[in-house]
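Chemist: First, the structure itself, so that you have it in front of you.
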Amino acid sequence: GMNDQNLKAAAQSINDVHALIQTVFTQNGDAAQAATKALMQVFAEGFSMVTTGGRIVTRAQVQQMFEGAAGGRPGLQMAVDELTTIWHAGLHVALRYRETHTLAGTSHARYSTAILEVAAGGVLWHALHETAIA
(Lines give C-alpha, C1' and ligand atoms only; values in the text may rest on other atoms or scores of the structure.)
Protein backbone atom coordinates (compact mmCIF):
# COMPACT_ATOMS: atom_id res chain seq x y z
CA GLY A 1 0.00 0.00 0.00
CA MET A 2 0.83 3.67 -0.03
CA ASN A 3 2.66 4.50 3.20
CA ASP A 4 4.71 7.49 4.38
CA GLN A 5 7.84 5.99 2.80
CA ASN A 6 6.12 5.77 -0.61
CA LEU A 7 4.75 9.31 -0.34
CA LYS A 8 8.22 10.54 0.56
CA ALA A 9 9.69 8.76 -2.49
CA ALA A 10 7.03 10.32 -4.75
CA ALA A 11 7.68 13.82 -3.37
CA GLN A 12 11.44 13.30 -3.77
CA SER A 13 10.87 12.27 -7.39
CA ILE A 14 9.11 15.58 -8.10
CA ASN A 15 12.17 17.44 -6.85
CA ASP A 16 14.66 15.12 -8.58
CA VAL A 17 12.89 15.39 -11.94
CA HIS A 18 12.84 19.18 -11.80
CA ALA A 19 16.53 19.29 -10.89
CA LEU A 20 17.23 17.11 -13.95
CA ILE A 21 15.08 19.32 -16.21
CA GLN A 22 16.94 22.41 -14.94
CA THR A 23 20.21 20.63 -15.85
CA VAL A 24 18.92 19.90 -19.37
CA PHE A 25 17.99 23.55 -19.96
CA THR A 26 21.12 25.08 -18.42
CA GLN A 27 23.96 22.68 -19.34
CA ASN A 28 25.41 21.54 -22.64
CA GLY A 29 26.89 18.31 -23.95
CA ASP A 30 27.43 15.35 -21.66
CA ALA A 31 25.66 16.82 -18.60
CA ALA A 32 22.49 17.57 -20.58
CA GLN A 33 22.61 14.15 -22.27
CA ALA A 34 23.05 12.32 -18.95
CA ALA A 35 20.15 14.28 -17.42
CA THR A 36 17.90 13.50 -20.41
CA LYS A 37 18.76 9.81 -20.14
CA ALA A 38 17.96 9.82 -16.40
CA LEU A 39 14.66 11.62 -17.07
CA MET A 40 13.53 9.15 -19.70
CA GLN A 41 14.00 6.28 -17.21
CA VAL A 42 11.53 8.01 -14.86
CA PHE A 43 8.81 8.44 -17.51
CA ALA A 44 6.76 5.25 -17.95
CA GLU A 45 6.28 3.69 -21.42
CA GLY A 46 2.82 5.22 -21.87
CA PHE A 47 3.71 8.60 -20.36
CA SER A 48 2.00 11.70 -21.76
CA MET A 49 1.58 15.27 -20.64
CA VAL A 50 -0.55 18.32 -21.28
CA THR A 51 1.58 21.45 -21.62
CA THR A 52 0.70 24.93 -20.33
CA GLY A 53 -0.19 25.72 -23.94
CA GLY A 54 -2.75 22.93 -24.08
CA ARG A 55 -0.78 20.49 -26.25
CA ILE A 56 -0.77 16.76 -25.54
CA VAL A 57 2.79 15.47 -25.74
CA THR A 58 3.86 11.80 -25.87
CA ARG A 59 6.91 10.30 -24.18
CA ALA A 60 8.79 10.26 -27.52
CA GLN A 61 7.96 13.92 -28.11
CA VAL A 62 9.11 14.80 -24.58
CA GLN A 63 12.44 13.11 -25.31
CA GLN A 64 12.81 15.06 -28.59
CA MET A 65 11.94 18.28 -26.76
CA PHE A 66 14.66 17.70 -24.14
CA GLU A 67 17.24 16.73 -26.76
CA GLY A 68 16.45 19.94 -28.67
CA ALA A 69 16.42 22.12 -25.55
CA ALA A 70 19.87 21.23 -24.19
CA GLY A 71 21.62 24.34 -22.90
CA GLY A 72 18.91 26.57 -24.36
CA ARG A 73 18.14 28.54 -21.20
CA PRO A 74 21.36 29.25 -19.31
CA GLY A 75 20.65 30.71 -15.89
CA LEU A 76 17.15 29.23 -15.62
CA GLN A 77 16.09 28.57 -12.02
CA MET A 78 13.26 26.16 -11.26
CA ALA A 79 11.56 25.95 -7.87
CA VAL A 80 8.86 23.57 -6.65
CA ASP A 81 6.55 24.29 -3.71
CA GLU A 82 2.96 23.79 -2.50
CA LEU A 83 3.40 20.04 -2.92
CA THR A 84 0.11 18.32 -2.00
CA THR A 85 -1.09 14.72 -2.23
CA ILE A 86 -4.50 14.92 -3.87
CA TRP A 87 -5.18 11.18 -4.25
CA HIS A 88 -3.50 7.87 -3.60
CA ALA A 89 -4.43 4.22 -3.90
CA GLY A 90 -2.21 1.18 -3.76
CA LEU A 91 1.16 2.22 -5.13
CA HIS A 92 -0.22 5.15 -7.16
CA VAL A 93 -0.35 8.77 -6.13
CA ALA A 94 -1.51 12.04 -7.68
CA LEU A 95 0.48 15.05 -6.53
CA ARG A 96 -0.16 18.71 -7.24
CA TYR A 97 2.59 21.28 -6.94
CA ARG A 98 3.51 24.78 -8.04
CA GLU A 99 6.53 25.14 -10.29
CA THR A 100 8.17 28.54 -10.79
CA HIS A 101 10.66 29.28 -13.57
CA THR A 102 12.84 32.35 -13.20
CA LEU A 103 15.08 33.61 -15.98
CA ALA A 104 16.68 37.05 -16.27
CA GLY A 105 14.59 38.40 -13.41
CA THR A 106 11.24 37.27 -14.86
CA SER A 107 9.16 34.52 -13.22
CA HIS A 108 6.43 32.31 -14.66
CA ALA A 109 4.53 29.84 -12.50
CA ARG A 110 2.33 26.85 -13.21
CA TYR A 111 0.36 24.27 -11.27
CA SER A 112 1.12 20.70 -12.21
CA THR A 113 -0.64 17.46 -11.38
CA ALA A 114 1.51 14.35 -11.70
CA ILE A 115 0.27 10.77 -11.57
CA LEU A 116 3.06 8.58 -10.23
CA GLU A 117 3.62 4.92 -9.41
CA VAL A 118 6.00 3.91 -6.63
CA ALA A 119 7.63 0.84 -8.18
CA ALA A 120 10.37 -1.45 -6.81
CA GLY A 121 12.98 0.11 -9.09
CA GLY A 122 11.95 3.68 -8.34
CA VAL A 123 9.14 6.11 -9.02
CA LEU A 124 7.52 6.04 -12.48
CA TRP A 125 5.66 9.02 -13.95
CA HIS A 126 2.52 8.09 -15.92
CA ALA A 127 0.97 11.48 -16.66
CA LEU A 128 1.54 15.17 -16.06
CA HIS A 129 -0.88 18.06 -16.54
CA GLU A 130 0.41 21.63 -16.41
CA THR A 131 -1.67 24.81 -16.14
CA ALA A 132 -0.12 28.26 -16.32
CA ILE A 133 -0.80 30.63 -13.42
CA ALA A 134 -1.75 33.99 -14.88
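How things are named: the first chain in the C-alpha coordinates is A, the next is B, and so on; residues count from 1 in each chain; ligands count from 1 in the order shown.
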Identify, on the basis of only C-alpha atoms, every residue whose closest approach to Ala44 in chain A does not exceed 7 Å; exclude the query and any residue fewer than 2 positions from it along the same chain; express the result as a PyMOL selection string.
Modeler: chain A and resi 42+46-47+124-126
Chemist: Mind dumping the selected residues with all heavy atoms as a CSV table (one decimal), in the first residue's frame?
Modeler:
chain,number,residue,atom,x,y,z
A,42,VAL,N,12.6,7.7,-15.8
A,42,VAL,CA,11.5,8.0,-14.9
A,42,VAL,C,10.1,8.0,-15.5
A,42,VAL,O,9.2,7.7,-14.9
A,42,VAL,CB,11.8,9.4,-14.2
A,42,VAL,CG1,10.7,9.8,-13.3
A,42,VAL,CG2,13.1,9.3,-13.4
A,46,GLY,N,4.0,4.5,-21.3
A,46,GLY,CA,2.8,5.2,-21.9
A,46,GLY,C,2.7,6.7,-21.4
A,46,GLY,O,1.6,7.3,-21.6
A,47,PHE,N,3.8,7.2,-20.9
A,47,PHE,CA,3.7,8.6,-20.4
A,47,PHE,C,3.2,9.6,-21.4
A,47,PHE,O,3.6,9.6,-22.6
A,47,PHE,CB,5.1,9.0,-19.9
A,47,PHE,CG,5.2,10.5,-19.4
A,47,PHE,CD1,4.8,10.8,-18.1
A,47,PHE,CD2,5.6,11.5,-20.2
A,47,PHE,CE1,4.8,12.1,-17.7
A,47,PHE,CE2,5.6,12.8,-19.8
A,47,PHE,CZ,5.2,13.1,-18.5
A,124,LEU,N,7.8,5.9,-11.1
A,124,LEU,CA,7.5,6.0,-12.5
A,124,LEU,C,6.4,7.1,-12.6
A,124,LEU,O,5.5,7.1,-11.9
A,124,LEU,CB,7.0,4.7,-13.1
A,124,LEU,CG,8.1,3.7,-13.4
A,124,LEU,CD1,7.4,2.4,-13.8
A,124,LEU,CD2,9.1,4.2,-14.4
A,125,TRP,N,6.6,8.0,-13.6
A,125,TRP,CA,5.7,9.0,-13.9
A,125,TRP,C,4.8,8.5,-15.1
A,125,TRP,O,5.3,8.1,-16.1
A,125,TRP,CB,6.4,10.3,-14.4
A,125,TRP,CG,7.1,11.0,-13.3
A,125,TRP,CD1,7.9,10.5,-12.3
A,125,TRP,CD2,7.0,12.4,-13.0
A,125,TRP,NE1,8.4,11.5,-11.5
A,125,TRP,CE2,7.9,12.7,-11.9
A,125,TRP,CE3,6.4,13.5,-13.6
A,125,TRP,CZ2,8.0,13.9,-11.3
A,125,TRP,CZ3,6.5,14.8,-13.0
A,125,TRP,CH2,7.4,15.0,-11.9
A,126,HIS,N,3.4,8.6,-14.9
A,126,HIS,CA,2.5,8.1,-15.9
A,126,HIS,C,1.9,9.2,-16.7
A,126,HIS,O,1.6,9.1,-17.9
A,126,HIS,CB,1.4,7.2,-15.3
A,126,HIS,CG,2.0,5.8,-14.9
A,126,HIS,ND1,2.1,4.8,-15.8
A,126,HIS,CD2,2.4,5.4,-13.8
A,126,HIS,CE1,2.6,3.8,-15.2
A,126,HIS,NE2,2.8,4.1,-14.0
Chemist: Could you list, as a VMD selection string, every residue within 7 Å of Thr58 in chain A, counting only C-alpha atoms and ignoring same-chain residues fewer than 2 positions away?
Modeler: chain A and resid 47 to 49 56 60 to 62
Chemist: Can you list, as a PDB file with all heavy atoms, in the first residue's frame, every protein, DNA or RNA residue that comes within 8 Å of Val80 in chain A when you count only C-alpha atoms, leaving out same-chain residues fewer than 5 positions away?
Modeler:
ATOM      1  N   ASN A  15      11.000  16.568  -6.963  1.00  0.00           N
ATOM      2  CA  ASN A  15      12.169  17.444  -6.851  1.00  0.00           C
ATOM      3  C   ASN A  15      13.332  16.981  -7.726  1.00  0.00           C
ATOM      4  O   ASN A  15      13.974  17.796  -8.387  1.00  0.00           O
ATOM      5  CB  ASN A  15      12.590  17.563  -5.384  1.00  0.00           C
ATOM      6  CG  ASN A  15      11.612  18.439  -4.597  1.00  0.00           C
ATOM      7  OD1 ASN A  15      11.451  19.612  -4.887  1.00  0.00           O
ATOM      8  ND2 ASN A  15      10.935  17.854  -3.632  1.00  0.00           N
ATOM      9  N   HIS A  18      12.672  17.776 -11.458  1.00  0.00           N
ATOM     10  CA  HIS A  18      12.841  19.182 -11.803  1.00  0.00           C
ATOM     11  C   HIS A  18      14.301  19.632 -11.768  1.00  0.00           C
ATOM     12  O   HIS A  18      14.711  20.458 -12.582  1.00  0.00           O
ATOM     13  CB  HIS A  18      11.909  20.050 -10.962  1.00  0.00           C
ATOM     14  CG  HIS A  18      10.491  19.881 -11.408  1.00  0.00           C
ATOM     15  ND1 HIS A  18       9.681  18.889 -10.886  1.00  0.00           N
ATOM     16  CD2 HIS A  18       9.776  20.483 -12.378  1.00  0.00           C
ATOM     17  CE1 HIS A  18       8.514  18.924 -11.525  1.00  0.00           C
ATOM     18  NE2 HIS A  18       8.553  19.875 -12.435  1.00  0.00           N
ATOM     19  N   TYR A  97       1.557  20.387  -7.447  1.00  0.00           N
ATOM     20  CA  TYR A  97       2.589  21.284  -6.937  1.00  0.00           C
ATOM     21  C   TYR A  97       2.655  22.530  -7.808  1.00  0.00           C
ATOM     22  O   TYR A  97       2.138  22.549  -8.937  1.00  0.00           O
ATOM     23  CB  TYR A  97       3.958  20.586  -6.897  1.00  0.00           C
ATOM     24  CG  TYR A  97       4.388  19.986  -8.223  1.00  0.00           C
ATOM     25  CD1 TYR A  97       5.153  20.716  -9.128  1.00  0.00           C
ATOM     26  CD2 TYR A  97       4.009  18.693  -8.577  1.00  0.00           C
ATOM     27  CE1 TYR A  97       5.542  20.176 -10.339  1.00  0.00           C
ATOM     28  CE2 TYR A  97       4.388  18.143  -9.795  1.00  0.00           C
ATOM     29  CZ  TYR A  97       5.156  18.890 -10.660  1.00  0.00           C
ATOM     30  OH  TYR A  97       5.530  18.353 -11.867  1.00  0.00           O
ATOM     31  N   ARG A  98       3.275  23.559  -7.266  1.00  0.00           N
ATOM     32  CA  ARG A  98       3.514  24.780  -8.041  1.00  0.00           C
ATOM     33  C   ARG A  98       4.973  24.772  -8.470  1.00  0.00           C
ATOM     34  O   ARG A  98       5.861  24.447  -7.688  1.00  0.00           O
ATOM     35  CB  ARG A  98       3.224  26.015  -7.202  1.00  0.00           C
ATOM     36  CG  ARG A  98       3.356  27.312  -8.004  1.00  0.00           C
ATOM     37  CD  ARG A  98       2.955  28.516  -7.177  1.00  0.00           C
ATOM     38  NE  ARG A  98       3.869  28.686  -6.037  1.00  0.00           N
ATOM     39  CZ  ARG A  98       3.840  29.739  -5.216  1.00  0.00           C
ATOM     40  NH1 ARG A  98       2.940  30.684  -5.365  1.00  0.00           N
ATOM     41  NH2 ARG A  98       4.704  29.822  -4.208  1.00  0.00           N
ATOM     42  N   GLU A  99       5.181  25.111  -9.714  1.00  0.00           N
ATOM     43  CA  GLU A  99       6.529  25.141 -10.289  1.00  0.00           C
ATOM     44  C   GLU A  99       6.762  26.566 -10.801  1.00  0.00           C
ATOM     45  O   GLU A  99       5.937  27.092 -11.538  1.00  0.00           O
ATOM     46  CB  GLU A  99       6.554  24.124 -11.434  1.00  0.00           C
ATOM     47  CG  GLU A  99       7.862  23.949 -12.139  1.00  0.00           C
ATOM     48  CD  GLU A  99       7.702  22.995 -13.316  1.00  0.00           C
ATOM     49  OE1 GLU A  99       6.871  22.064 -13.253  1.00  0.00           O
ATOM     50  OE2 GLU A  99       8.390  23.205 -14.320  1.00  0.00           O
ATOM     51  N   THR A 100       7.853  27.172 -10.365  1.00  0.00           N
ATOM     52  CA  THR A 100       8.168  28.539 -10.790  1.00  0.00           C
ATOM     53  C   THR A 100       9.484  28.551 -11.548  1.00  0.00           C
ATOM     54  O   THR A 100      10.493  28.032 -11.057  1.00  0.00           O
ATOM     55  CB  THR A 100       8.241  29.486  -9.566  1.00  0.00           C
ATOM     56  OG1 THR A 100       7.024  29.378  -8.834  1.00  0.00           O
ATOM     57  CG2 THR A 100       8.432  30.935 -10.011  1.00  0.00           C
TER      58      THR A 100
END
Chemist: Neighbouring residues of Ile21 in chain A were defined as those with any atom within 9 Å, considering only C-alpha atoms; residues of the same chain fewer than 4 positions away were excluded. Please report them as a PDB file with all heavy atoms, in the first residue's frame.
Modeler:
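Result saved to around.pdb:
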ATOM      1  N   ASP A  16      13.571  15.667  -7.756  1.00  0.00           N
ATOM      2  CA  ASP A  16      14.658  15.120  -8.577  1.00  0.00           C
ATOM      3  C   ASP A  16      14.440  15.405 -10.057  1.00  0.00           C
ATOM      4  O   ASP A  16      15.373  15.800 -10.769  1.00  0.00           O
ATOM      5  CB  ASP A  16      14.772  13.604  -8.380  1.00  0.00           C
ATOM      6  CG  ASP A  16      15.263  13.222  -6.987  1.00  0.00           C
ATOM      7  OD1 ASP A  16      15.737  14.110  -6.244  1.00  0.00           O
ATOM      8  OD2 ASP A  16      15.152  12.032  -6.642  1.00  0.00           O
ATOM      9  N   VAL A  17      13.209  15.189 -10.526  1.00  0.00           N
ATOM     10  CA  VAL A  17      12.890  15.391 -11.943  1.00  0.00           C
ATOM     11  C   VAL A  17      13.097  16.858 -12.336  1.00  0.00           C
ATOM     12  O   VAL A  17      13.660  17.159 -13.386  1.00  0.00           O
ATOM     13  CB  VAL A  17      11.462  14.893 -12.266  1.00  0.00           C
ATOM     14  CG1 VAL A  17      10.926  15.496 -13.553  1.00  0.00           C
ATOM     15  CG2 VAL A  17      11.470  13.369 -12.360  1.00  0.00           C
ATOM     16  N   PHE A  25      18.138  22.213 -19.388  1.00  0.00           N
ATOM     17  CA  PHE A  25      17.989  23.550 -19.958  1.00  0.00           C
ATOM     18  C   PHE A  25      19.220  24.434 -19.777  1.00  0.00           C
ATOM     19  O   PHE A  25      19.433  25.362 -20.550  1.00  0.00           O
ATOM     20  CB  PHE A  25      16.774  24.254 -19.347  1.00  0.00           C
ATOM     21  CG  PHE A  25      15.461  23.820 -19.939  1.00  0.00           C
ATOM     22  CD1 PHE A  25      14.430  23.369 -19.128  1.00  0.00           C
ATOM     23  CD2 PHE A  25      15.251  23.853 -21.311  1.00  0.00           C
ATOM     24  CE1 PHE A  25      13.215  22.972 -19.675  1.00  0.00           C
ATOM     25  CE2 PHE A  25      14.038  23.453 -21.867  1.00  0.00           C
ATOM     26  CZ  PHE A  25      13.021  23.012 -21.050  1.00  0.00           C
ATOM     27  N   THR A  26      20.026  24.158 -18.737  1.00  0.00           N
ATOM     28  CA  THR A  26      21.125  25.081 -18.422  1.00  0.00           C
ATOM     29  C   THR A  26      22.505  24.561 -18.814  1.00  0.00           C
ATOM     30  O   THR A  26      23.444  25.334 -18.911  1.00  0.00           O
ATOM     31  CB  THR A  26      21.143  25.427 -16.913  1.00  0.00           C
ATOM     32  OG1 THR A  26      21.274  24.222 -16.155  1.00  0.00           O
ATOM     33  CG2 THR A  26      19.873  26.164 -16.502  1.00  0.00           C
ATOM     34  N   ALA A  32      23.869  17.514 -20.091  1.00  0.00           N
ATOM     35  CA  ALA A  32      22.486  17.568 -20.579  1.00  0.00           C
ATOM     36  C   ALA A  32      22.038  16.189 -21.069  1.00  0.00           C
ATOM     37  O   ALA A  32      20.908  15.765 -20.809  1.00  0.00           O
ATOM     38  CB  ALA A  32      22.355  18.600 -21.694  1.00  0.00           C
ATOM     39  N   ALA A  35      21.394  13.897 -18.095  1.00  0.00           N
ATOM     40  CA  ALA A  35      20.149  14.285 -17.423  1.00  0.00           C
ATOM     41  C   ALA A  35      18.934  13.820 -18.219  1.00  0.00           C
ATOM     42  O   ALA A  35      17.962  13.327 -17.648  1.00  0.00           O
ATOM     43  CB  ALA A  35      20.107  15.792 -17.191  1.00  0.00           C
ATOM     44  N   THR A  36      18.999  13.952 -19.544  1.00  0.00           N
ATOM     45  CA  THR A  36      17.896  13.503 -20.406  1.00  0.00           C
ATOM     46  C   THR A  36      17.713  11.994 -20.276  1.00  0.00           C
ATOM     47  O   THR A  36      16.588  11.503 -20.152  1.00  0.00           O
ATOM     48  CB  THR A  36      18.137  13.893 -21.876  1.00  0.00           C
ATOM     49  OG1 THR A  36      18.160  15.312 -21.978  1.00  0.00           O
ATOM     50  CG2 THR A  36      17.046  13.350 -22.788  1.00  0.00           C
ATOM     51  N   LEU A  39      16.068  11.231 -17.013  1.00  0.00           N
ATOM     52  CA  LEU A  39      14.656  11.616 -17.066  1.00  0.00           C
ATOM     53  C   LEU A  39      13.826  10.569 -17.777  1.00  0.00           C
ATOM     54  O   LEU A  39      12.733  10.217 -17.318  1.00  0.00           O
ATOM     55  CB  LEU A  39      14.495  12.956 -17.793  1.00  0.00           C
ATOM     56  CG  LEU A  39      14.763  14.207 -16.981  1.00  0.00           C
ATOM     57  CD1 LEU A  39      14.875  15.418 -17.913  1.00  0.00           C
ATOM     58  CD2 LEU A  39      13.672  14.431 -15.942  1.00  0.00           C
ATOM     59  N   PHE A  66      13.490  17.550 -25.009  1.00  0.00           N
ATOM     60  CA  PHE A  66      14.655  17.700 -24.143  1.00  0.00           C
ATOM     61  C   PHE A  66      15.954  17.689 -24.956  1.00  0.00           C
ATOM     62  O   PHE A  66      16.859  18.467 -24.691  1.00  0.00           O
ATOM     63  CB  PHE A  66      14.693  16.599 -23.077  1.00  0.00           C
ATOM     64  CG  PHE A  66      13.705  16.793 -21.960  1.00  0.00           C
ATOM     65  CD1 PHE A  66      13.013  15.720 -21.440  1.00  0.00           C
ATOM     66  CD2 PHE A  66      13.470  18.057 -21.426  1.00  0.00           C
ATOM     67  CE1 PHE A  66      12.100  15.896 -20.403  1.00  0.00           C
ATOM     68  CE2 PHE A  66      12.557  18.246 -20.395  1.00  0.00           C
ATOM     69  CZ  PHE A  66      11.874  17.156 -19.883  1.00  0.00           C
ATOM     70  N   MET A  78      14.568  26.790 -11.409  1.00  0.00           N
ATOM     71  CA  MET A  78      13.259  26.159 -11.259  1.00  0.00           C
ATOM     72  C   MET A  78      13.034  25.834  -9.798  1.00  0.00           C
ATOM     73  O   MET A  78      13.906  25.248  -9.164  1.00  0.00           O
ATOM     74  CB  MET A  78      13.180  24.882 -12.101  1.00  0.00           C
ATOM     75  CG  MET A  78      13.153  25.164 -13.594  1.00  0.00           C
ATOM     76  SD  MET A  78      13.271  23.645 -14.579  1.00  0.00           S
ATOM     77  CE  MET A  78      11.827  22.769 -14.045  1.00  0.00           C
TER      78      MET A  78
END
Chemist: Separation of CA of Leu20 in chain A and CA of His88 in chain A, in Å?
Modeler: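 Taking CA of Leu20 in chain A as the start and CA of His88 in chain A as the end point, the length is 24.9 Å.
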Chemist: Determine, counting only C-alpha atoms, which protein, DNA and RNA residues have an atom within 12 Å of an atom of Gly75 in chain A; residues of the same chain fewer than 4 positions away are not included. Present the result as a PyMOL selection string.
Modeler: chain A and resi 22-27+71+101-106
Chemist: From the set A:Val50, A:Val57, A:Ile133, A:Leu116, which residue has the shortest atom-to-atom contact distance to Trp87 in chain A, counting only C-alpha atoms?
Modeler: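 Checking each candidate against Trp87 in chain A, we get A:Leu116 as the closest.
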Chemist: Return as a PyMOL selection string the full set of residues in range 17-58 of chain A whose backbone-based DSSP assignment is strand (DSSP E).
Modeler: chain A and resi 43-50+56-58
Chemist: Pick out the closest residue to Asn6 in chain A from this set: A:Ser107, A:Thr85, A:Thr131, A:Ser112. Count only C-alpha atoms.
Modeler: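 Among the listed residues, A:Thr85 lies closest to Asn6 in chain A.
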Chemist: I need the residue nearest Glu82 in chain A from this list: A:Thr113, A:Gln63, A:Thr52, A:Ser13. Use only C-alpha atoms for the distance.
Modeler: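 Looking at the shortest contact to Glu82 in chain A, the residue is A:Thr113.
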Chemist: Please return as a ChimeraX atom specification: the residues of range 36-73 of chain A that backbone DSSP assigns to helix (DSSP H, G or I).
Modeler: /A:36-42,59-69
Chemist: With N, CA and C atoms kept, could you save the residues just selected as a short mmCIF file (atom, residue, chain, number, x, y, z; two decimals), in the first residue's frame?
Modeler:
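Contents of the output file selection.cif:
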data_model
loop_
_atom_site.label_atom_id
_atom_site.label_comp_id
_atom_site.auth_asym_id
_atom_site.auth_seq_id
_atom_site.Cartn_x
_atom_site.Cartn_y
_atom_site.Cartn_z
N THR A 36 19.00 13.95 -19.54
CA THR A 36 17.90 13.50 -20.41
C THR A 36 17.71 11.99 -20.28
N LYS A 37 18.81 11.27 -20.26
CA LYS A 37 18.76 9.81 -20.14
C LYS A 37 18.12 9.42 -18.81
N ALA A 38 18.52 10.10 -17.73
CA ALA A 38 17.96 9.82 -16.40
C ALA A 38 16.46 10.14 -16.37
N LEU A 39 16.07 11.23 -17.01
CA LEU A 39 14.66 11.62 -17.07
C LEU A 39 13.83 10.57 -17.78
N MET A 40 14.32 10.08 -18.90
CA MET A 40 13.53 9.15 -19.70
C MET A 40 13.32 7.82 -18.97
N GLN A 41 14.19 7.50 -18.01
CA GLN A 41 14.00 6.28 -17.21
C GLN A 41 12.88 6.46 -16.19
N VAL A 42 12.58 7.71 -15.85
CA VAL A 42 11.53 8.01 -14.86
C VAL A 42 10.15 8.01 -15.52
N ARG A 59 5.58 10.54 -24.74
CA ARG A 59 6.91 10.30 -24.18
C ARG A 59 8.00 10.56 -25.23
N ALA A 60 7.80 10.07 -26.44
CA ALA A 60 8.79 10.26 -27.52
C ALA A 60 8.98 11.74 -27.83
N GLN A 61 7.88 12.49 -27.84
CA GLN A 61 7.96 13.92 -28.11
C GLN A 61 8.65 14.67 -26.97
N VAL A 62 8.42 14.21 -25.73
CA VAL A 62 9.11 14.80 -24.58
C VAL A 62 10.61 14.60 -24.73
N GLN A 63 11.01 13.40 -25.13
CA GLN A 63 12.44 13.11 -25.31
C GLN A 63 13.04 14.02 -26.39
N GLN A 64 12.35 14.17 -27.51
CA GLN A 64 12.81 15.06 -28.59
C GLN A 64 12.95 16.49 -28.09
N MET A 65 11.95 16.93 -27.30
CA MET A 65 11.94 18.28 -26.76
C MET A 65 13.18 18.51 -25.90
N PHE A 66 13.49 17.55 -25.01
CA PHE A 66 14.66 17.70 -24.14
C PHE A 66 15.95 17.69 -24.96
N GLU A 67 16.02 16.81 -25.95
CA GLU A 67 17.24 16.73 -26.76
C GLU A 67 17.45 18.03 -27.52
N GLY A 68 16.35 18.68 -27.94
CA GLY A 68 16.45 19.94 -28.67
C GLY A 68 16.67 21.15 -27.77
N ALA A 69 16.39 20.98 -26.47
CA ALA A 69 16.42 22.12 -25.55
C ALA A 69 17.75 22.26 -24.81
#
